[in-house]
$ cat input-v5.cif   # mmCIF, C-alpha atoms, pLDDT in the B column; chains and numbers go by the auth columns
data_input
#
loop_
_atom_site.group_PDB
_atom_site.id
_atom_site.type_symbol
_atom_site.label_atom_id
_atom_site.label_comp_id
_atom_site.label_asym_id
_atom_site.label_seq_id
_atom_site.Cartn_x
_atom_site.Cartn_y
_atom_site.Cartn_z
_atom_site.B_iso_or_equiv
_atom_site.auth_seq_id
_atom_site.auth_asym_id
ATOM 1 C CA MET A 1 0.000 0.000 0.000 73.00 1 A
ATOM 2 C CA LYS A 2 1.345 3.402 -1.022 79.00 2 A
ATOM 3 C CA ILE A 3 0.863 6.583 1.019 80.00 3 A
ATOM 4 C CA LYS A 4 1.261 9.890 -0.815 79.00 4 A
ATOM 5 C CA VAL A 5 1.348 13.267 0.923 79.00 5 A
ATOM 6 C CA ASP A 6 0.716 16.548 -0.881 73.00 6 A
ATOM 7 C CA PHE A 7 3.003 18.970 0.906 74.00 7 A
ATOM 8 C CA LYS A 8 0.721 21.866 -0.057 71.00 8 A
ATOM 9 C CA ILE A 9 -1.036 20.800 3.113 75.00 9 A
ATOM 10 C CA ILE A 10 1.620 22.835 4.944 80.00 10 A
ATOM 11 C CA LEU A 11 0.487 25.926 3.025 77.00 11 A
ATOM 12 C CA ALA A 12 -3.121 25.205 4.016 72.00 12 A
ATOM 13 C CA ILE A 13 -2.113 24.940 7.683 78.00 13 A
ATOM 14 C CA ILE A 14 -0.277 28.267 7.454 82.00 14 A
ATOM 15 C CA ILE A 15 -3.313 29.962 5.850 74.00 15 A
ATOM 16 C CA PHE A 16 -5.693 28.602 8.489 74.00 16 A
ATOM 17 C CA TYR A 17 -3.235 29.640 11.206 78.00 17 A
ATOM 18 C CA ILE A 18 -3.015 33.198 9.870 82.00 18 A
ATOM 19 C CA THR A 19 -6.812 33.417 9.636 72.00 19 A
ATOM 20 C CA GLU A 20 -7.080 31.986 13.179 77.00 20 A
ATOM 21 C CA GLN A 21 -9.069 28.970 11.969 75.00 21 A
ATOM 22 C CA LEU A 22 -6.454 26.275 12.523 80.00 22 A
ATOM 23 C CA GLU A 23 -8.623 24.435 15.057 84.00 23 A
ATOM 24 C CA LEU A 24 -11.488 24.298 12.558 81.00 24 A
ATOM 25 C CA TYR A 25 -9.142 22.904 9.887 81.00 25 A
ATOM 26 C CA PHE A 26 -8.013 20.052 12.151 86.00 26 A
ATOM 27 C CA ILE A 27 -11.626 19.318 13.123 89.00 27 A
ATOM 28 C CA LEU A 28 -12.584 19.090 9.445 88.00 28 A
ATOM 29 C CA MET A 29 -9.585 16.840 8.748 87.00 29 A
ATOM 30 C CA LEU A 30 -10.633 14.568 11.639 91.00 30 A
ATOM 31 C CA PHE A 31 -14.114 14.065 10.213 94.00 31 A
ATOM 32 C CA VAL A 32 -12.745 13.696 6.680 91.00 32 A
ATOM 33 C CA PHE A 33 -10.540 10.909 8.058 90.00 33 A
ATOM 34 C CA LEU A 34 -13.593 9.186 9.586 94.00 34 A
ATOM 35 C CA HIS A 35 -15.409 9.735 6.265 94.00 35 A
ATOM 36 C CA GLU A 36 -12.623 7.869 4.464 91.00 36 A
ATOM 37 C CA CYS A 37 -12.730 5.119 7.096 93.00 37 A
ATOM 38 C CA GLY A 38 -16.288 4.504 5.875 94.00 38 A
ATOM 39 C CA HIS A 39 -14.979 3.975 2.336 94.00 39 A
ATOM 40 C CA LEU A 40 -12.208 1.711 3.631 92.00 40 A
ATOM 41 C CA LEU A 41 -14.512 -0.407 5.784 94.00 41 A
ATOM 42 C CA VAL A 42 -17.016 -1.119 3.017 95.00 42 A
ATOM 43 C CA GLY A 43 -14.210 -1.657 0.501 93.00 43 A
ATOM 44 C CA TYR A 44 -12.650 -4.305 2.729 92.00 44 A
ATOM 45 C CA LEU A 45 -16.059 -5.925 3.288 93.00 45 A
ATOM 46 C CA PHE A 46 -16.271 -6.316 -0.499 92.00 46 A
ATOM 47 C CA GLY A 47 -12.820 -7.905 -0.502 88.00 47 A
ATOM 48 C CA TYR A 48 -11.083 -4.919 -2.117 90.00 48 A
ATOM 49 C CA ARG A 49 -7.519 -4.112 -1.119 87.00 49 A
ATOM 50 C CA CYS A 50 -6.418 -0.554 -0.377 86.00 50 A
ATOM 51 C CA GLU A 51 -3.808 0.265 -3.010 86.00 51 A
ATOM 52 C CA GLU A 52 -3.057 3.911 -2.279 85.00 52 A
ATOM 53 C CA ILE A 53 -3.852 6.601 0.308 85.00 53 A
ATOM 54 C CA ASN A 54 -3.475 10.239 -0.722 83.00 54 A
ATOM 55 C CA ILE A 55 -3.254 12.918 1.974 80.00 55 A
ATOM 56 C CA HIS A 56 -3.910 16.342 0.465 73.00 56 A
ATOM 57 C CA THR A 57 -5.023 19.831 1.464 69.00 57 A
ATOM 58 C CA LEU A 58 -8.742 19.005 1.350 65.00 58 A
ATOM 59 C CA GLY A 59 -8.471 15.702 3.178 69.00 59 A
ATOM 60 C CA ILE A 60 -7.725 12.085 2.358 77.00 60 A
ATOM 61 C CA SER A 61 -8.620 9.883 -0.603 80.00 61 A
ATOM 62 C CA VAL A 62 -8.371 6.117 -0.988 84.00 62 A
ATOM 63 C CA THR A 63 -7.767 4.005 -4.096 86.00 63 A
ATOM 64 C CA PHE A 64 -8.732 0.321 -4.151 87.00 64 A
ATOM 65 C CA LYS A 65 -7.403 -2.620 -6.145 86.00 65 A
ATOM 66 C CA VAL A 66 -10.433 -4.430 -7.552 83.00 66 A
ATOM 67 C CA PRO A 67 -10.407 -8.260 -7.907 82.00 67 A
ATOM 68 C CA VAL A 68 -10.421 -9.280 -11.576 80.00 68 A
ATOM 69 C CA ASP A 69 -13.397 -11.623 -11.023 82.00 69 A
ATOM 70 C CA ASP A 70 -15.686 -8.660 -10.290 79.00 70 A
ATOM 71 C CA TYR A 71 -15.114 -7.282 -13.788 77.00 71 A
ATOM 72 C CA ASN A 72 -16.546 -10.511 -15.218 79.00 72 A
ATOM 73 C CA LYS A 73 -19.778 -10.338 -13.187 83.00 73 A
ATOM 74 C CA LYS A 74 -22.274 -8.483 -15.353 85.00 74 A
ATOM 75 C CA ILE A 75 -25.134 -6.280 -14.189 83.00 75 A
ATOM 76 C CA LEU A 76 -27.371 -4.723 -16.869 84.00 76 A
ATOM 77 C CA LYS A 77 -25.037 -2.882 -19.296 82.00 77 A
ATOM 78 C CA SER A 78 -21.931 -2.951 -17.114 84.00 78 A
ATOM 79 C CA ASN A 79 -20.409 -5.085 -14.344 85.00 79 A
ATOM 80 C CA ILE A 80 -20.775 -5.561 -10.589 90.00 80 A
ATOM 81 C CA VAL A 81 -17.702 -3.386 -9.923 91.00 81 A
ATOM 82 C CA LEU A 82 -19.610 -0.165 -10.588 92.00 82 A
ATOM 83 C CA LEU A 83 -22.412 -1.136 -8.205 93.00 83 A
ATOM 84 C CA LYS A 84 -19.923 -1.970 -5.447 93.00 84 A
ATOM 85 C CA LYS A 85 -17.971 1.234 -6.093 93.00 85 A
ATOM 86 C CA SER A 86 -21.204 3.219 -5.762 95.00 86 A
ATOM 87 C CA ILE A 87 -21.883 1.630 -2.389 95.00 87 A
ATOM 88 C CA ILE A 88 -18.296 2.332 -1.309 95.00 88 A
ATOM 89 C CA ALA A 89 -18.671 5.971 -2.429 94.00 89 A
ATOM 90 C CA ALA A 90 -21.928 6.347 -0.476 96.00 90 A
ATOM 91 C CA ALA A 91 -20.343 4.907 2.689 96.00 91 A
ATOM 92 C CA GLY A 92 -18.274 8.045 3.356 94.00 92 A
ATOM 93 C CA PRO A 93 -21.182 10.529 3.549 96.00 93 A
ATOM 94 C CA VAL A 94 -23.255 7.928 5.443 97.00 94 A
ATOM 95 C CA ILE A 95 -20.571 7.924 8.161 97.00 95 A
ATOM 96 C CA ASN A 96 -20.839 11.725 8.411 96.00 96 A
ATOM 97 C CA PHE A 97 -24.623 11.568 8.772 97.00 97 A
ATOM 98 C CA ILE A 98 -24.304 8.801 11.404 97.00 98 A
ATOM 99 C CA LEU A 99 -21.861 11.014 13.323 96.00 99 A
ATOM 100 C CA ILE A 100 -24.398 13.858 13.214 96.00 100 A
ATOM 101 C CA ILE A 101 -26.986 11.554 14.820 96.00 101 A
ATOM 102 C CA LEU A 102 -24.497 10.339 17.448 96.00 102 A
ATOM 103 C CA VAL A 103 -23.481 13.898 18.388 95.00 103 A
ATOM 104 C CA SER A 104 -27.147 14.912 18.566 95.00 104 A
ATOM 105 C CA LEU A 105 -27.859 12.011 20.950 94.00 105 A
ATOM 106 C CA ASN A 106 -24.671 12.484 22.958 94.00 106 A
ATOM 107 C CA PRO A 107 -23.189 16.012 22.612 92.00 107 A
ATOM 108 C CA LYS A 108 -20.144 15.011 24.692 89.00 108 A
ATOM 109 C CA ILE A 109 -19.076 12.158 22.420 90.00 109 A
ATOM 110 C CA PHE A 110 -16.308 14.391 20.995 89.00 110 A
ATOM 111 C CA ALA A 111 -14.201 16.791 23.052 83.00 111 A
ATOM 112 C CA MET A 112 -15.434 19.806 21.100 88.00 112 A
ATOM 113 C CA ASN A 113 -18.415 22.074 20.632 91.00 113 A
ATOM 114 C CA PRO A 114 -21.235 19.748 19.436 93.00 114 A
ATOM 115 C CA GLU A 115 -22.542 22.425 17.056 93.00 115 A
ATOM 116 C CA ILE A 116 -19.155 22.564 15.317 91.00 116 A
ATOM 117 C CA ALA A 117 -19.077 18.752 15.089 93.00 117 A
ATOM 118 C CA ILE A 118 -22.571 18.662 13.567 95.00 118 A
ATOM 119 C CA TYR A 119 -21.826 21.535 11.170 92.00 119 A
ATOM 120 C CA SER A 120 -18.520 19.978 10.056 92.00 120 A
ATOM 121 C CA ASN A 121 -20.075 16.584 9.315 95.00 121 A
ATOM 122 C CA LEU A 122 -23.056 18.181 7.569 95.00 122 A
ATOM 123 C CA LEU A 123 -20.677 20.210 5.399 90.00 123 A
ATOM 124 C CA ILE A 124 -18.471 17.223 4.519 92.00 124 A
ATOM 125 C CA GLY A 125 -21.388 14.847 3.933 94.00 125 A
ATOM 126 C CA CYS A 126 -23.479 17.220 1.798 93.00 126 A
ATOM 127 C CA PHE A 127 -20.509 18.563 -0.172 89.00 127 A
ATOM 128 C CA ASN A 128 -19.362 15.067 -1.088 91.00 128 A
ATOM 129 C CA MET A 129 -22.849 14.089 -2.233 93.00 129 A
ATOM 130 C CA ILE A 130 -22.908 16.845 -4.868 91.00 130 A
ATOM 131 C CA PRO A 131 -23.136 14.910 -8.180 92.00 131 A
ATOM 132 C CA ILE A 132 -19.896 16.340 -9.547 89.00 132 A
ATOM 133 C CA TYR A 133 -17.189 13.825 -10.485 85.00 133 A
ATOM 134 C CA PRO A 134 -14.888 12.903 -8.718 81.00 134 A
ATOM 135 C CA LEU A 135 -16.846 13.740 -5.533 88.00 135 A
ATOM 136 C CA ASP A 136 -18.689 10.762 -4.050 93.00 136 A
ATOM 137 C CA GLY A 137 -22.007 11.949 -5.505 94.00 137 A
ATOM 138 C CA GLY A 138 -20.411 12.285 -8.930 92.00 138 A
ATOM 139 C CA ARG A 139 -18.959 8.782 -8.750 92.00 139 A
ATOM 140 C CA ILE A 140 -22.358 7.368 -7.823 95.00 140 A
ATOM 141 C CA LEU A 141 -24.027 9.311 -10.658 95.00 141 A
ATOM 142 C CA LYS A 142 -21.491 8.169 -13.257 93.00 142 A
ATOM 143 C CA ASN A 143 -21.606 4.543 -12.121 94.00 143 A
ATOM 144 C CA ILE A 144 -25.419 4.354 -12.111 94.00 144 A
ATOM 145 C CA CYS A 145 -25.681 6.019 -15.535 94.00 145 A
ATOM 146 C CA THR A 146 -23.127 3.557 -16.903 93.00 146 A
ATOM 147 C CA ILE A 147 -24.914 0.556 -15.384 92.00 147 A
ATOM 148 C CA PHE A 148 -28.231 1.499 -17.000 93.00 148 A
ATOM 149 C CA LEU A 149 -27.033 3.113 -20.248 92.00 149 A
ATOM 150 C CA GLY A 150 -23.592 1.697 -20.998 91.00 150 A
ATOM 151 C CA ILE A 151 -20.272 3.536 -21.048 90.00 151 A
ATOM 152 C CA ARG A 152 -20.830 5.978 -23.942 90.00 152 A
ATOM 153 C CA LYS A 153 -24.410 7.059 -23.163 92.00 153 A
ATOM 154 C CA GLY A 154 -23.670 6.987 -19.424 91.00 154 A
ATOM 155 C CA ARG A 155 -20.768 9.399 -19.850 89.00 155 A
ATOM 156 C CA ARG A 156 -22.841 11.688 -22.037 91.00 156 A
ATOM 157 C CA LEU A 157 -25.717 11.873 -19.548 93.00 157 A
ATOM 158 C CA THR A 158 -23.327 12.349 -16.620 91.00 158 A
ATOM 159 C CA SER A 159 -21.651 15.217 -18.477 90.00 159 A
ATOM 160 C CA ILE A 160 -25.001 16.895 -19.216 92.00 160 A
ATOM 161 C CA ILE A 161 -26.134 16.602 -15.583 93.00 161 A
ATOM 162 C CA MET A 162 -22.822 17.893 -14.224 91.00 162 A
ATOM 163 C CA ASN A 163 -22.666 20.910 -16.512 90.00 163 A
ATOM 164 C CA THR A 164 -26.343 21.779 -15.988 93.00 164 A
ATOM 165 C CA LEU A 165 -25.908 21.528 -12.229 92.00 165 A
ATOM 166 C CA MET A 166 -22.822 23.745 -12.319 91.00 166 A
ATOM 167 C CA ILE A 167 -24.657 26.441 -14.298 92.00 167 A
ATOM 168 C CA VAL A 168 -27.473 26.394 -11.715 91.00 168 A
ATOM 169 C CA LEU A 169 -25.021 26.398 -8.794 88.00 169 A
ATOM 170 C CA THR A 170 -23.082 29.281 -10.340 90.00 170 A
ATOM 171 C CA ALA A 171 -26.267 31.347 -10.746 89.00 171 A
ATOM 172 C CA VAL A 172 -27.465 30.634 -7.197 86.00 172 A
ATOM 173 C CA SER A 173 -24.026 31.177 -5.651 85.00 173 A
ATOM 174 C CA SER A 174 -23.642 34.501 -7.489 84.00 174 A
ATOM 175 C CA ILE A 175 -26.760 35.757 -5.734 84.00 175 A
ATOM 176 C CA MET A 176 -25.497 34.377 -2.403 78.00 176 A
ATOM 177 C CA ILE A 177 -22.099 36.031 -2.863 74.00 177 A
ATOM 178 C CA LEU A 178 -23.772 39.408 -3.453 78.00 178 A
ATOM 179 C CA TYR A 179 -26.067 38.893 -0.461 78.00 179 A
ATOM 180 C CA TYR A 180 -23.640 37.377 2.063 71.00 180 A
ATOM 181 C CA LYS A 181 -20.408 38.834 0.607 67.00 181 A
ATOM 182 C CA ASN A 182 -18.667 35.557 1.421 65.00 182 A
ATOM 183 C CA ILE A 183 -15.623 34.726 -0.702 66.00 183 A
ATOM 184 C CA ALA A 184 -15.726 31.079 0.495 66.00 184 A
ATOM 185 C CA ILE A 185 -18.798 30.485 -1.703 72.00 185 A
ATOM 186 C CA PHE A 186 -16.895 31.836 -4.715 76.00 186 A
ATOM 187 C CA LEU A 187 -13.889 29.593 -3.997 73.00 187 A
ATOM 188 C CA ILE A 188 -16.115 26.503 -3.694 77.00 188 A
ATOM 189 C CA VAL A 189 -17.784 27.210 -7.051 83.00 189 A
ATOM 190 C CA VAL A 190 -14.399 27.807 -8.715 83.00 190 A
ATOM 191 C CA TYR A 191 -13.128 24.514 -7.283 79.00 191 A
ATOM 192 C CA LEU A 192 -16.193 22.637 -8.560 84.00 192 A
ATOM 193 C CA TRP A 193 -15.757 24.137 -12.047 86.00 193 A
ATOM 194 C CA TYR A 194 -12.112 23.045 -11.916 82.00 194 A
ATOM 195 C CA LEU A 195 -13.222 19.475 -11.153 79.00 195 A
ATOM 196 C CA VAL A 196 -15.781 19.477 -13.970 83.00 196 A
ATOM 197 C CA ILE A 197 -13.389 20.905 -16.579 86.00 197 A
ATOM 198 C CA ARG A 198 -10.561 18.582 -15.521 80.00 198 A
ATOM 199 C CA GLU A 199 -12.733 15.494 -15.759 76.00 199 A
ATOM 200 C CA GLU A 200 -14.281 16.638 -19.065 75.00 200 A
ATOM 201 C CA ASN A 201 -10.794 16.901 -20.524 76.00 201 A
ATOM 202 C CA LYS A 202 -9.927 13.440 -19.221 70.00 202 A
ATOM 203 C CA LYS A 203 -13.337 12.179 -20.413 55.00 203 A
ATOM 204 C CA PHE A 204 -13.458 10.405 -17.049 48.00 204 A
#
$ encode --input "input-v5.cif" --output "structure tokens"
Amino acid sequence: MKIKVDFKIILAIIIFYITEQLELYFILMLFVFLHECGHLLVGYLFGYRCEEINIHTLGISVTFKVPVDDYNKKILKSNIVLLKKSIIAAAGPVINFILIILVSLNPKIFAMNPEIAIYSNLLIGCFNMIPIYPLDGGRILKNICTIFLGIRKGRRLTSIIMNTLMIVLTAVSSIMILYYKNIAIFLIVVYLWYLVIREENKKF
């Protein structure tokens, strides 16, 4: 198993330190770690082996090695791998939503403000469920479209949904930026456009 570290994480720590939000950054990273543990757990239950762990500025991502046999098990117009990968992708946000319930039932479960714990998990869970590839929601969308429509039509429909969603999000966020004057909203939209354009160029 390989572990890769993006040393731009040091820059992120410095920025959060300067803006006096370092504690919030570490809290988010903690819940991102637990989010990824959800992916890992379900992946191992399916018999997949963790091939690579990437630690980067926005958290942690896991890559699995899929058994060859799963590629030969067909389901509709694709194979069982895509269904299992969709379940693995959904496991991360599910962990965040479970943590929200646990904190609501027992506010002292984490040594931190329960409101911050709930907000952090809600942010991570909802953000990752946005159907933009390669976020978890985007992976699920692409896999389901491929299962029902095949690779070519699945990619085309995924692309249409992603681009339509981004146009709507850009319009809504523009109004929110003017109203709330919050640059964080602008940065999130720019990041999402970056993901969409990058994956369009790669034809995911």
$ axis_aligned_box --input "input-v5.cif" --around "region 66-79 of chain A" --padding-each-side "5 Å" --output "AutoDock Vina command-line options"
--center_x -18.9 --center_y -7.3 --center_z -13.4 --size_x 27.0 --size_y 18.7 --size_z 21.7
$ closest_residue --input "input-v5.cif" --among "A:Ile15, A:Val190, A:Leu165, A:Ile116" --to "Ile100 (chain A)" --atoms "all atoms listed in the file"
A:Ile116
$ resolve_selection --input "input-v5.cif" --expression "the PyMOL selection byres ((chain A and resi 56) around 10)" --output "list in words"
Lys4, Val5, Asp6, Phe7, Lys8, Ile9, Ile10, Ala12, Ile53, Asn54, Ile55, Thr57, Leu58, Gly59, Ile60 and Ser61 of chain A
$ write_last_selection --input "input-v5.cif" --atoms "C-alpha atoms" --output "PDB file, in the coordinates of the input"
ATOM      1  CA  LYS A   4       1.261   9.890  -0.815  1.00 79.00           C
ATOM      2  CA  VAL A   5       1.348  13.267   0.923  1.00 79.00           C
ATOM      3  CA  ASP A   6       0.716  16.548  -0.881  1.00 73.00           C
ATOM      4  CA  PHE A   7       3.003  18.970   0.906  1.00 74.00           C
ATOM      5  CA  LYS A   8       0.721  21.866  -0.057  1.00 71.00           C
ATOM      6  CA  ILE A   9      -1.036  20.800   3.113  1.00 75.00           C
ATOM      7  CA  ILE A  10       1.620  22.835   4.944  1.00 80.00           C
ATOM      8  CA  ALA A  12      -3.121  25.205   4.016  1.00 72.00           C
ATOM      9  CA  ILE A  53      -3.852   6.601   0.308  1.00 85.00           C
ATOM     10  CA  ASN A  54      -3.475  10.239  -0.722  1.00 83.00           C
ATOM     11  CA  ILE A  55      -3.254  12.918   1.974  1.00 80.00           C
ATOM     12  CA  THR A  57      -5.023  19.831   1.464  1.00 69.00           C
ATOM     13  CA  LEU A  58      -8.742  19.005   1.350  1.00 65.00           C
ATOM     14  CA  GLY A  59      -8.471  15.702   3.178  1.00 69.00           C
ATOM     15  CA  ILE A  60      -7.725  12.085   2.358  1.00 77.00           C
ATOM     16  CA  SER A  61      -8.620   9.883  -0.603  1.00 80.00           C
TER      17      SER A  61
END
$ atom_distance --input "input-v5.cif" --atom1 "CA of Ile88 (chain A)" --atom2 "CA of Gly43 (chain A)"
6.0 Å
$ resolve_selection --input "input-v5.cif" --expression "the PyMOL selection byres ((chain A and resi 30) around 12)" --output "PyMOL selection string"
chain A and resi 23-29+31-37+58-60+96+99+110+112+117+120-121+124
$ closest_residue --input "input-v5.cif" --among "A:Ile132, A:Ile177, A:Val42, A:Val103" --to "Tyr191 (chain A)" --atoms "all atoms listed in the file"
A:Ile132
$ resolve_selection --input "input-v5.cif" --expression "the PyMOL selection byres ((chain A and resi 75-86) around 12)" --output "ChimeraX atom specification"
/A:39-40,42-48,62-74,87-93,129,134-154
$ atom_distance --input "input-v5.cif" --atom1 "CA of Ile167 (chain A)" --atom2 "CA of Ile185 (chain A)"
14.5 Å
$ atom_distance --input "input-v5.cif" --atom1 "CA of Thr164 (chain A)" --atom2 "CA of Gly125 (chain A)"
21.7 Å
$ build_atoms --input "input-v5.cif" --residues "region 27-54 of chain A" --atoms "N, CA and C atoms" --output "mmCIF file, in the coordinates of the input"
data_model
loop_
_atom_site.group_PDB
_atom_site.id
_atom_site.type_symbol
_atom_site.label_atom_id
_atom_site.label_comp_id
_atom_site.auth_asym_id
_atom_site.auth_seq_id
_atom_site.Cartn_x
_atom_site.Cartn_y
_atom_site.Cartn_z
ATOM 1 N N ILE A 27 -10.340 19.979 12.875
ATOM 2 C CA ILE A 27 -11.626 19.318 13.123
ATOM 3 C C ILE A 27 -12.167 18.745 11.818
ATOM 4 N N LEU A 28 -12.119 19.556 10.755
ATOM 5 C CA LEU A 28 -12.584 19.090 9.445
ATOM 6 C C LEU A 28 -11.770 17.892 8.974
ATOM 7 N N MET A 29 -10.448 17.945 9.167
ATOM 8 C CA MET A 29 -9.585 16.840 8.748
ATOM 9 C C MET A 29 -9.901 15.569 9.540
ATOM 10 N N LEU A 30 -10.265 15.726 10.824
ATOM 11 C CA LEU A 30 -10.633 14.568 11.639
ATOM 12 C C LEU A 30 -11.857 13.873 11.059
ATOM 13 N N PHE A 31 -12.886 14.659 10.724
ATOM 14 C CA PHE A 31 -14.114 14.065 10.213
ATOM 15 C C PHE A 31 -13.975 13.600 8.763
ATOM 16 N N VAL A 32 -13.058 14.204 8.019
ATOM 17 C CA VAL A 32 -12.745 13.696 6.680
ATOM 18 C C VAL A 32 -12.070 12.331 6.805
ATOM 19 N N PHE A 33 -11.207 12.192 7.805
ATOM 20 C CA PHE A 33 -10.540 10.909 8.058
ATOM 21 C C PHE A 33 -11.576 9.822 8.376
ATOM 22 N N LEU A 34 -12.546 10.146 9.244
ATOM 23 C CA LEU A 34 -13.593 9.186 9.586
ATOM 24 C C LEU A 34 -14.470 8.886 8.370
ATOM 25 N N HIS A 35 -14.682 9.901 7.535
ATOM 26 C CA HIS A 35 -15.409 9.735 6.265
ATOM 27 C C HIS A 35 -14.707 8.691 5.393
ATOM 28 N N GLU A 36 -13.393 8.810 5.279
ATOM 29 C CA GLU A 36 -12.623 7.869 4.464
ATOM 30 C C GLU A 36 -12.587 6.477 5.090
ATOM 31 N N CYS A 37 -12.673 6.423 6.423
ATOM 32 C CA CYS A 37 -12.730 5.119 7.096
ATOM 33 C C CYS A 37 -13.986 4.366 6.662
ATOM 34 N N GLY A 38 -15.067 5.120 6.387
ATOM 35 C CA GLY A 38 -16.288 4.504 5.875
ATOM 36 C C GLY A 38 -16.042 3.846 4.530
ATOM 37 N N HIS A 39 -15.341 4.555 3.642
ATOM 38 C CA HIS A 39 -14.979 3.975 2.336
ATOM 39 C C HIS A 39 -14.131 2.720 2.523
ATOM 40 N N LEU A 40 -13.128 2.828 3.403
ATOM 41 C CA LEU A 40 -12.208 1.711 3.631
ATOM 42 C C LEU A 40 -12.937 0.488 4.168
ATOM 43 N N LEU A 41 -13.802 0.701 5.154
ATOM 44 C CA LEU A 41 -14.512 -0.407 5.784
ATOM 45 C C LEU A 41 -15.351 -1.177 4.775
ATOM 46 N N VAL A 42 -16.154 -0.457 3.999
ATOM 47 C CA VAL A 42 -17.016 -1.119 3.017
ATOM 48 C C VAL A 42 -16.180 -1.756 1.910
ATOM 49 N N GLY A 43 -15.102 -1.080 1.517
ATOM 50 C CA GLY A 43 -14.210 -1.657 0.501
ATOM 51 C C GLY A 43 -13.638 -2.993 0.954
ATOM 52 N N TYR A 44 -13.196 -3.057 2.203
ATOM 53 C CA TYR A 44 -12.650 -4.305 2.729
ATOM 54 C C TYR A 44 -13.726 -5.383 2.861
ATOM 55 N N LEU A 45 -14.950 -4.967 3.209
ATOM 56 C CA LEU A 45 -16.059 -5.925 3.288
ATOM 57 C C LEU A 45 -16.341 -6.562 1.925
ATOM 58 N N PHE A 46 -16.093 -5.804 0.860
ATOM 59 C CA PHE A 46 -16.271 -6.316 -0.499
ATOM 60 C C PHE A 46 -15.050 -7.113 -0.975
ATOM 61 N N GLY A 47 -14.016 -7.156 -0.138
ATOM 62 C CA GLY A 47 -12.820 -7.905 -0.502
ATOM 63 C C GLY A 47 -11.829 -7.105 -1.326
ATOM 64 N N TYR A 48 -12.002 -5.763 -1.369
ATOM 65 C CA TYR A 48 -11.083 -4.919 -2.117
ATOM 66 C C TYR A 48 -9.886 -4.547 -1.232
ATOM 67 N N ARG A 49 -8.732 -4.447 -1.848
ATOM 68 C CA ARG A 49 -7.519 -4.112 -1.119
ATOM 69 C C ARG A 49 -7.158 -2.657 -1.350
ATOM 70 N N CYS A 50 -6.826 -1.959 -0.264
ATOM 71 C CA CYS A 50 -6.418 -0.554 -0.377
ATOM 72 C C CYS A 50 -5.060 -0.481 -1.071
ATOM 73 N N GLU A 51 -5.033 0.194 -2.206
ATOM 74 C CA GLU A 51 -3.808 0.265 -3.010
ATOM 75 C C GLU A 51 -3.019 1.533 -2.721
ATOM 76 N N GLU A 52 -3.744 2.629 -2.470
ATOM 77 C CA GLU A 52 -3.057 3.911 -2.279
ATOM 78 C C GLU A 52 -3.888 4.850 -1.409
ATOM 79 N N ILE A 53 -3.211 5.567 -0.519
ATOM 80 C CA ILE A 53 -3.852 6.601 0.308
ATOM 81 C C ILE A 53 -3.181 7.928 -0.007
ATOM 82 N N ASN A 54 -3.994 8.911 -0.413
ATOM 83 C CA ASN A 54 -3.475 10.239 -0.722
ATOM 84 C C ASN A 54 -3.918 11.227 0.353
#
